[in-house]
>>> print(open('upload_21.cif').read())   # mmCIF, N, CA, C and O atoms
data_upload
loop_
_atom_site.label_atom_id
_atom_site.label_comp_id
_atom_site.auth_asym_id
_atom_site.auth_seq_id
_atom_site.Cartn_x
_atom_site.Cartn_y
_atom_site.Cartn_z
N MET A 1 180.47 45.17 79.67
CA MET A 1 180.11 46.47 79.12
C MET A 1 181.23 47.46 79.37
O MET A 1 181.84 47.48 80.43
N SER A 2 181.49 48.28 78.39
CA SER A 2 182.56 49.25 78.48
C SER A 2 182.15 50.45 79.33
O SER A 2 180.98 50.83 79.39
N GLU A 3 183.13 51.05 79.99
CA GLU A 3 182.85 52.25 80.77
C GLU A 3 182.78 53.48 79.87
O GLU A 3 182.38 54.55 80.29
N TRP A 4 183.17 53.31 78.60
CA TRP A 4 183.17 54.41 77.64
C TRP A 4 181.86 54.45 76.87
O TRP A 4 181.47 53.47 76.26
N PRO A 5 181.18 55.59 76.83
CA PRO A 5 180.00 55.72 75.99
C PRO A 5 180.43 56.11 74.58
O PRO A 5 181.52 56.65 74.38
N ALA A 6 179.59 55.84 73.60
CA ALA A 6 179.87 56.34 72.26
C ALA A 6 179.63 57.84 72.27
O ALA A 6 178.84 58.35 73.06
N GLY A 7 180.33 58.56 71.42
CA GLY A 7 180.15 60.01 71.38
C GLY A 7 180.57 60.60 70.06
O GLY A 7 181.29 59.98 69.29
N LYS A 8 180.10 61.80 69.81
CA LYS A 8 180.46 62.51 68.59
C LYS A 8 181.90 63.00 68.68
O LYS A 8 182.40 63.35 69.75
N ALA A 9 182.58 63.02 67.55
CA ALA A 9 183.98 63.45 67.50
C ALA A 9 184.13 64.89 67.99
O ALA A 9 185.12 65.23 68.64
N ARG A 10 183.16 65.74 67.71
CA ARG A 10 183.22 67.13 68.15
C ARG A 10 183.30 67.21 69.67
O ARG A 10 184.08 67.98 70.22
N ARG A 11 182.55 66.36 70.36
CA ARG A 11 182.53 66.35 71.82
C ARG A 11 183.84 65.80 72.38
O ARG A 11 184.37 66.30 73.38
N VAL A 12 184.38 64.76 71.74
CA VAL A 12 185.64 64.17 72.19
C VAL A 12 186.78 65.19 72.02
O VAL A 12 187.60 65.36 72.92
N LEU A 13 186.82 65.87 70.88
CA LEU A 13 187.85 66.89 70.65
C LEU A 13 187.75 68.02 71.68
O LEU A 13 188.76 68.46 72.23
N ALA A 14 186.53 68.45 71.97
CA ALA A 14 186.34 69.50 72.98
C ALA A 14 186.85 69.05 74.34
O ALA A 14 187.47 69.83 75.07
N SER A 15 186.64 67.78 74.67
CA SER A 15 187.13 67.24 75.95
C SER A 15 188.65 67.20 75.98
O SER A 15 189.26 67.51 77.00
N LEU A 16 189.27 66.84 74.86
CA LEU A 16 190.73 66.82 74.79
C LEU A 16 191.30 68.22 74.96
O LEU A 16 192.29 68.42 75.66
N LEU A 17 190.67 69.20 74.35
CA LEU A 17 191.12 70.58 74.47
C LEU A 17 190.96 71.07 75.91
O LEU A 17 191.80 71.81 76.41
N THR A 18 189.92 70.61 76.58
CA THR A 18 189.68 70.99 77.97
C THR A 18 190.74 70.46 78.92
O THR A 18 191.12 71.13 79.87
N ILE A 19 191.25 69.24 78.64
CA ILE A 19 192.25 68.65 79.55
C ILE A 19 193.68 69.06 79.21
O ILE A 19 194.62 68.53 79.79
N GLY A 20 193.85 70.00 78.28
CA GLY A 20 195.19 70.55 78.06
C GLY A 20 195.80 70.32 76.69
O GLY A 20 196.89 70.81 76.42
N TRP A 21 195.14 69.59 75.81
CA TRP A 21 195.65 69.42 74.45
C TRP A 21 195.35 70.68 73.66
O TRP A 21 194.39 71.37 73.93
N HIS A 22 196.17 70.98 72.65
CA HIS A 22 195.88 72.07 71.73
C HIS A 22 196.22 71.62 70.31
O HIS A 22 197.02 70.71 70.11
N VAL A 23 195.56 72.24 69.34
CA VAL A 23 195.78 71.89 67.93
C VAL A 23 197.08 72.52 67.47
O VAL A 23 197.22 73.74 67.45
N LYS A 24 198.04 71.67 67.15
CA LYS A 24 199.36 72.12 66.70
C LYS A 24 199.31 72.50 65.22
O LYS A 24 199.84 73.51 64.80
N ARG A 25 198.65 71.66 64.44
CA ARG A 25 198.44 71.94 63.01
C ARG A 25 197.27 71.10 62.52
O ARG A 25 196.86 70.15 63.17
N GLN A 26 196.75 71.46 61.34
CA GLN A 26 195.62 70.75 60.78
C GLN A 26 195.77 70.67 59.27
O GLN A 26 196.16 71.62 58.62
N SER A 27 195.44 69.49 58.73
CA SER A 27 195.41 69.28 57.29
C SER A 27 194.12 68.52 56.98
O SER A 27 194.03 67.32 57.24
N GLY A 28 193.12 69.23 56.50
CA GLY A 28 191.81 68.62 56.28
C GLY A 28 191.19 68.25 57.61
O GLY A 28 191.11 69.07 58.52
N SER A 29 190.75 66.99 57.74
CA SER A 29 190.14 66.57 59.00
C SER A 29 191.17 66.00 59.97
O SER A 29 190.83 65.61 61.08
N HIS A 30 192.45 65.95 59.58
CA HIS A 30 193.51 65.44 60.45
C HIS A 30 194.08 66.59 61.29
O HIS A 30 194.69 67.51 60.75
N LYS A 31 193.84 66.51 62.58
CA LYS A 31 194.36 67.51 63.50
C LYS A 31 195.49 66.89 64.32
O LYS A 31 195.30 65.84 64.91
N THR A 32 196.65 67.52 64.34
CA THR A 32 197.75 67.06 65.18
C THR A 32 197.65 67.82 66.49
O THR A 32 197.75 69.04 66.52
N LEU A 33 197.42 67.07 67.57
CA LEU A 33 197.26 67.67 68.89
C LEU A 33 198.56 67.53 69.66
O LEU A 33 199.28 66.56 69.51
N SER A 34 198.83 68.50 70.52
CA SER A 34 200.05 68.51 71.29
C SER A 34 199.73 68.83 72.75
O SER A 34 198.81 69.60 73.03
N ARG A 35 200.50 68.21 73.65
CA ARG A 35 200.36 68.47 75.09
C ARG A 35 201.70 68.15 75.73
O ARG A 35 202.30 67.11 75.43
N PRO A 36 202.19 69.00 76.61
CA PRO A 36 203.46 68.72 77.27
C PRO A 36 203.41 67.39 78.03
O PRO A 36 202.42 67.07 78.69
N GLY A 37 204.46 66.59 77.89
CA GLY A 37 204.55 65.31 78.57
C GLY A 37 203.98 64.15 77.79
O GLY A 37 204.05 63.00 78.24
N TYR A 38 203.39 64.41 76.64
CA TYR A 38 202.81 63.37 75.79
C TYR A 38 203.36 63.52 74.37
O TYR A 38 203.63 64.63 73.94
N PRO A 39 203.48 62.41 73.64
CA PRO A 39 203.82 62.56 72.22
C PRO A 39 202.62 63.15 71.46
O PRO A 39 201.48 63.05 71.93
N ASP A 40 202.88 63.77 70.32
CA ASP A 40 201.80 64.32 69.51
C ASP A 40 200.80 63.23 69.16
O ASP A 40 201.15 62.06 69.00
N PHE A 41 199.54 63.62 69.02
CA PHE A 41 198.47 62.68 68.73
C PHE A 41 197.69 63.21 67.53
O PHE A 41 197.31 64.38 67.50
N VAL A 42 197.45 62.35 66.54
CA VAL A 42 196.69 62.75 65.35
C VAL A 42 195.23 62.36 65.56
O VAL A 42 194.90 61.18 65.73
N PHE A 43 194.36 63.35 65.55
CA PHE A 43 192.93 63.15 65.71
C PHE A 43 192.32 63.29 64.32
O PHE A 43 192.28 64.38 63.76
N ALA A 44 191.88 62.17 63.73
CA ALA A 44 191.47 62.16 62.32
C ALA A 44 190.01 61.79 62.16
O ALA A 44 189.66 60.81 61.52
N PHE A 45 189.13 62.57 62.76
CA PHE A 45 187.70 62.31 62.68
C PHE A 45 186.98 63.58 62.25
O PHE A 45 187.36 64.68 62.62
N HIS A 46 185.90 63.41 61.48
CA HIS A 46 185.03 64.54 61.14
C HIS A 46 184.17 64.86 62.35
O HIS A 46 183.84 63.97 63.14
N ASP A 47 183.77 66.12 62.51
CA ASP A 47 183.04 66.56 63.69
C ASP A 47 181.78 65.75 63.98
O ASP A 47 181.48 65.45 65.12
N SER A 48 181.02 65.40 62.97
CA SER A 48 179.74 64.72 63.20
C SER A 48 179.88 63.20 63.26
O SER A 48 178.89 62.49 63.44
N GLU A 49 181.08 62.69 63.12
CA GLU A 49 181.32 61.25 63.14
C GLU A 49 181.14 60.68 64.55
O GLU A 49 181.54 61.29 65.54
N GLU A 50 180.52 59.53 64.64
CA GLU A 50 180.31 58.84 65.92
C GLU A 50 181.54 57.99 66.24
O GLU A 50 182.01 57.23 65.39
N ILE A 51 182.07 58.15 67.44
CA ILE A 51 183.23 57.36 67.88
C ILE A 51 182.73 56.36 68.91
O ILE A 51 182.14 56.75 69.92
N GLY A 52 182.98 55.10 68.66
CA GLY A 52 182.50 54.04 69.53
C GLY A 52 183.34 53.85 70.78
O GLY A 52 184.44 54.42 70.90
N PRO A 53 182.86 53.03 71.71
CA PRO A 53 183.56 52.81 72.97
C PRO A 53 184.98 52.25 72.82
O PRO A 53 185.89 52.65 73.55
N ARG A 54 185.18 51.33 71.89
CA ARG A 54 186.51 50.73 71.74
C ARG A 54 187.52 51.76 71.23
O ARG A 54 188.66 51.81 71.69
N MET A 55 187.10 52.59 70.29
CA MET A 55 188.01 53.62 69.78
C MET A 55 188.26 54.68 70.84
O MET A 55 189.38 55.19 70.97
N LEU A 56 187.26 55.02 71.63
CA LEU A 56 187.46 55.98 72.72
C LEU A 56 188.48 55.44 73.73
O LEU A 56 189.30 56.20 74.24
N ALA A 57 188.44 54.15 74.01
CA ALA A 57 189.40 53.55 74.93
C ALA A 57 190.81 53.65 74.35
O ALA A 57 191.78 53.92 75.08
N ARG A 58 190.95 53.47 73.05
CA ARG A 58 192.27 53.58 72.41
C ARG A 58 192.77 55.02 72.45
O ARG A 58 193.96 55.27 72.69
N ILE A 59 191.87 55.97 72.19
CA ILE A 59 192.25 57.38 72.26
C ILE A 59 192.70 57.72 73.67
O ILE A 59 193.70 58.40 73.88
N ALA A 60 191.97 57.22 74.66
CA ALA A 60 192.28 57.51 76.06
C ALA A 60 193.65 56.98 76.45
O ALA A 60 194.38 57.60 77.22
N LYS A 61 194.01 55.83 75.92
CA LYS A 61 195.31 55.23 76.25
C LYS A 61 196.46 56.14 75.83
O LYS A 61 197.47 56.24 76.52
N HIS A 62 196.27 56.86 74.72
CA HIS A 62 197.33 57.73 74.20
C HIS A 62 197.27 59.16 74.72
O HIS A 62 198.26 59.88 74.66
N THR A 63 196.10 59.58 75.20
CA THR A 63 195.92 61.00 75.54
C THR A 63 195.67 61.29 77.01
O THR A 63 195.72 62.45 77.41
N GLY A 64 195.36 60.28 77.80
CA GLY A 64 195.05 60.52 79.21
C GLY A 64 193.61 60.92 79.46
O GLY A 64 193.25 61.34 80.55
N LEU A 65 192.76 60.80 78.43
CA LEU A 65 191.35 61.11 78.57
C LEU A 65 190.68 60.09 79.49
O LEU A 65 191.01 58.92 79.46
N LYS A 66 189.74 60.55 80.31
CA LYS A 66 189.01 59.68 81.22
C LYS A 66 187.51 59.79 80.92
O LYS A 66 187.06 60.81 80.41
N PRO A 67 186.75 58.74 81.24
CA PRO A 67 185.30 58.79 80.95
C PRO A 67 184.60 60.00 81.58
O PRO A 67 183.67 60.55 81.00
N LEU A 68 185.07 60.45 82.72
CA LEU A 68 184.44 61.61 83.37
C LEU A 68 184.72 62.91 82.65
O LEU A 68 184.01 63.90 82.84
N ASP A 69 185.77 62.94 81.80
CA ASP A 69 186.10 64.14 81.03
C ASP A 69 185.08 64.40 79.93
O ASP A 69 184.94 65.53 79.47
N LEU A 70 184.40 63.35 79.49
CA LEU A 70 183.39 63.52 78.45
C LEU A 70 182.15 64.06 79.09
O LEU A 70 181.32 64.67 78.66
#
>>> encode(input="upload_21.cif", output="structure tokens")
Amino acid sequence: MSEWPAGKARRVLASLLTIGWHVKRQSGSHKTLSRPGYPDFVFAFHDSEEIGPRMLARIAKHTGLKPLDL
């Protein structure tokens, strides 16, 4: 079983913003996030979309997000 719970994209984005990411630019539902020390990350989910545990683990690998941040 994964340590990552499924969650809404709105909640995941809020968690990323809390840990220091900010929206650099946006085109439709594609948000380019930026944080010092990390390469830019494109967050391409609609707010009400459900993100599963495997995708959350992939997002975490690139952004430094931890399960406790959600």
>>> residues_around(input="upload_21.cif", residues="A:Ser48", least_positions_apart="4", cutoff="12 Å", atoms="only C-alpha atoms", output="PyMOL selection string")
chain A and resi 7-13+29
>>> atom_distance(input="upload_21.cif", atom1="atom CA of A:Tyr38", atom2="atom CA of A:Arg54")
21.0 Å
>>> resolve_selection(input="upload_21.cif", expression="the PyMOL selection byres ((chain A and resi 56-66) around 7)", output="ChimeraX atom specification")
/A:4-5,15-16,19,38-41,51-55,67-70
>>> resolve_selection(input="upload_21.cif", expression="the PyMOL selection byres ((chain A and resi 21) around 8)", output="ChimeraX atom specification")
/A:13-20,22-24,32-36,63
>>> residues_around(input="upload_21.cif", residues="A:Gly28", least_positions_apart="4", cutoff="12 Å", atoms="only C-alpha atoms", output="MDAnalysis selection string")
chainID A and resid 32 42:47
>>> atom_distance(input="upload_21.cif", atom1="atom N of A:Ala6", atom2="atom C of A:Glu49")
10.4 Å
>>> select_by_dssp(input="upload_21.cif", residues="stretch 31-60 of chain A", states="strand (DSSP E)", output="list in words")
Lys31, Thr32, Leu33, Ser34, Phe41, Val42, Phe43, Ala44, Glu50 and Ile51 of chain A
>>> atom_distance(input="upload_21.cif", atom1="atom N of A:Glu50", atom2="atom CA of A:Gly37")
28.4 Å
>>> select_by_dssp(input="upload_21.cif", residues="chain A", states="alpha helix (DSSP H)", output="ChimeraX atom specification")
/A:9-18,53-63
>>> build_atoms(input="upload_21.cif", residues="stretch 46-57 of chain A", atoms="all heavy atoms", output="short mmCIF file (atom, residue, chain, number, x, y, z; two decimals), in the coordinates of the input")
data_model
loop_
_atom_site.label_atom_id
_atom_site.label_comp_id
_atom_site.auth_asym_id
_atom_site.auth_seq_id
_atom_site.Cartn_x
_atom_site.Cartn_y
_atom_site.Cartn_z
N HIS A 46 185.90 63.41 61.48
CA HIS A 46 185.03 64.54 61.14
C HIS A 46 184.17 64.86 62.35
O HIS A 46 183.84 63.97 63.14
CB HIS A 46 184.17 64.20 59.94
CG HIS A 46 184.94 64.03 58.67
ND1 HIS A 46 185.34 65.08 57.91
CD2 HIS A 46 185.40 62.91 58.06
CE1 HIS A 46 186.02 64.63 56.86
NE2 HIS A 46 186.07 63.31 56.93
N ASP A 47 183.77 66.12 62.51
CA ASP A 47 183.04 66.56 63.69
C ASP A 47 181.78 65.75 63.98
O ASP A 47 181.48 65.45 65.12
CB ASP A 47 182.66 68.04 63.57
CG ASP A 47 183.84 68.96 63.83
OD1 ASP A 47 184.85 68.48 64.37
OD2 ASP A 47 183.72 70.15 63.50
N SER A 48 181.02 65.40 62.97
CA SER A 48 179.74 64.72 63.20
C SER A 48 179.88 63.20 63.26
O SER A 48 178.89 62.49 63.44
CB SER A 48 178.74 65.10 62.11
OG SER A 48 179.24 64.69 60.85
N GLU A 49 181.08 62.69 63.12
CA GLU A 49 181.32 61.25 63.14
C GLU A 49 181.14 60.68 64.55
O GLU A 49 181.54 61.29 65.54
CB GLU A 49 182.75 60.97 62.65
CG GLU A 49 183.01 59.56 62.23
CD GLU A 49 184.38 59.42 61.56
OE1 GLU A 49 184.92 60.42 61.07
OE2 GLU A 49 184.88 58.30 61.56
N GLU A 50 180.52 59.53 64.64
CA GLU A 50 180.31 58.84 65.92
C GLU A 50 181.54 57.99 66.24
O GLU A 50 182.01 57.23 65.39
CB GLU A 50 179.07 57.95 65.81
CG GLU A 50 178.62 57.34 67.11
CD GLU A 50 177.82 58.31 67.97
OE1 GLU A 50 177.30 59.31 67.43
OE2 GLU A 50 177.72 58.05 69.16
N ILE A 51 182.07 58.15 67.44
CA ILE A 51 183.23 57.36 67.88
C ILE A 51 182.73 56.36 68.91
O ILE A 51 182.14 56.75 69.92
CB ILE A 51 184.33 58.25 68.47
CG1 ILE A 51 184.80 59.28 67.44
CG2 ILE A 51 185.50 57.40 68.95
CD1 ILE A 51 185.82 60.26 67.96
N GLY A 52 182.98 55.10 68.66
CA GLY A 52 182.50 54.04 69.53
C GLY A 52 183.34 53.85 70.78
O GLY A 52 184.44 54.42 70.90
N PRO A 53 182.86 53.03 71.71
CA PRO A 53 183.56 52.81 72.97
C PRO A 53 184.98 52.25 72.82
O PRO A 53 185.89 52.65 73.55
CB PRO A 53 182.68 51.82 73.72
CG PRO A 53 181.35 51.91 73.06
CD PRO A 53 181.58 52.35 71.66
N ARG A 54 185.18 51.33 71.89
CA ARG A 54 186.51 50.73 71.74
C ARG A 54 187.52 51.76 71.23
O ARG A 54 188.66 51.81 71.69
CB ARG A 54 186.45 49.53 70.80
CG ARG A 54 185.67 48.37 71.43
CD ARG A 54 185.64 47.19 70.53
NE ARG A 54 186.93 46.51 70.61
CZ ARG A 54 187.24 45.44 69.90
NH1 ARG A 54 186.37 44.92 69.06
NH2 ARG A 54 188.42 44.89 70.03
N MET A 55 187.10 52.59 70.29
CA MET A 55 188.01 53.62 69.78
C MET A 55 188.26 54.68 70.84
O MET A 55 189.38 55.19 70.97
CB MET A 55 187.43 54.27 68.51
CG MET A 55 188.35 55.32 67.90
SD MET A 55 190.02 54.74 67.53
CE MET A 55 189.73 53.80 66.07
N LEU A 56 187.26 55.02 71.63
CA LEU A 56 187.46 55.98 72.72
C LEU A 56 188.48 55.44 73.73
O LEU A 56 189.30 56.20 74.24
CB LEU A 56 186.14 56.28 73.43
CG LEU A 56 185.25 57.29 72.73
CD1 LEU A 56 183.92 57.40 73.46
CD2 LEU A 56 185.92 58.64 72.66
N ALA A 57 188.44 54.15 74.01
CA ALA A 57 189.40 53.55 74.93
C ALA A 57 190.81 53.65 74.35
O ALA A 57 191.78 53.92 75.08
CB ALA A 57 189.04 52.11 75.22
#
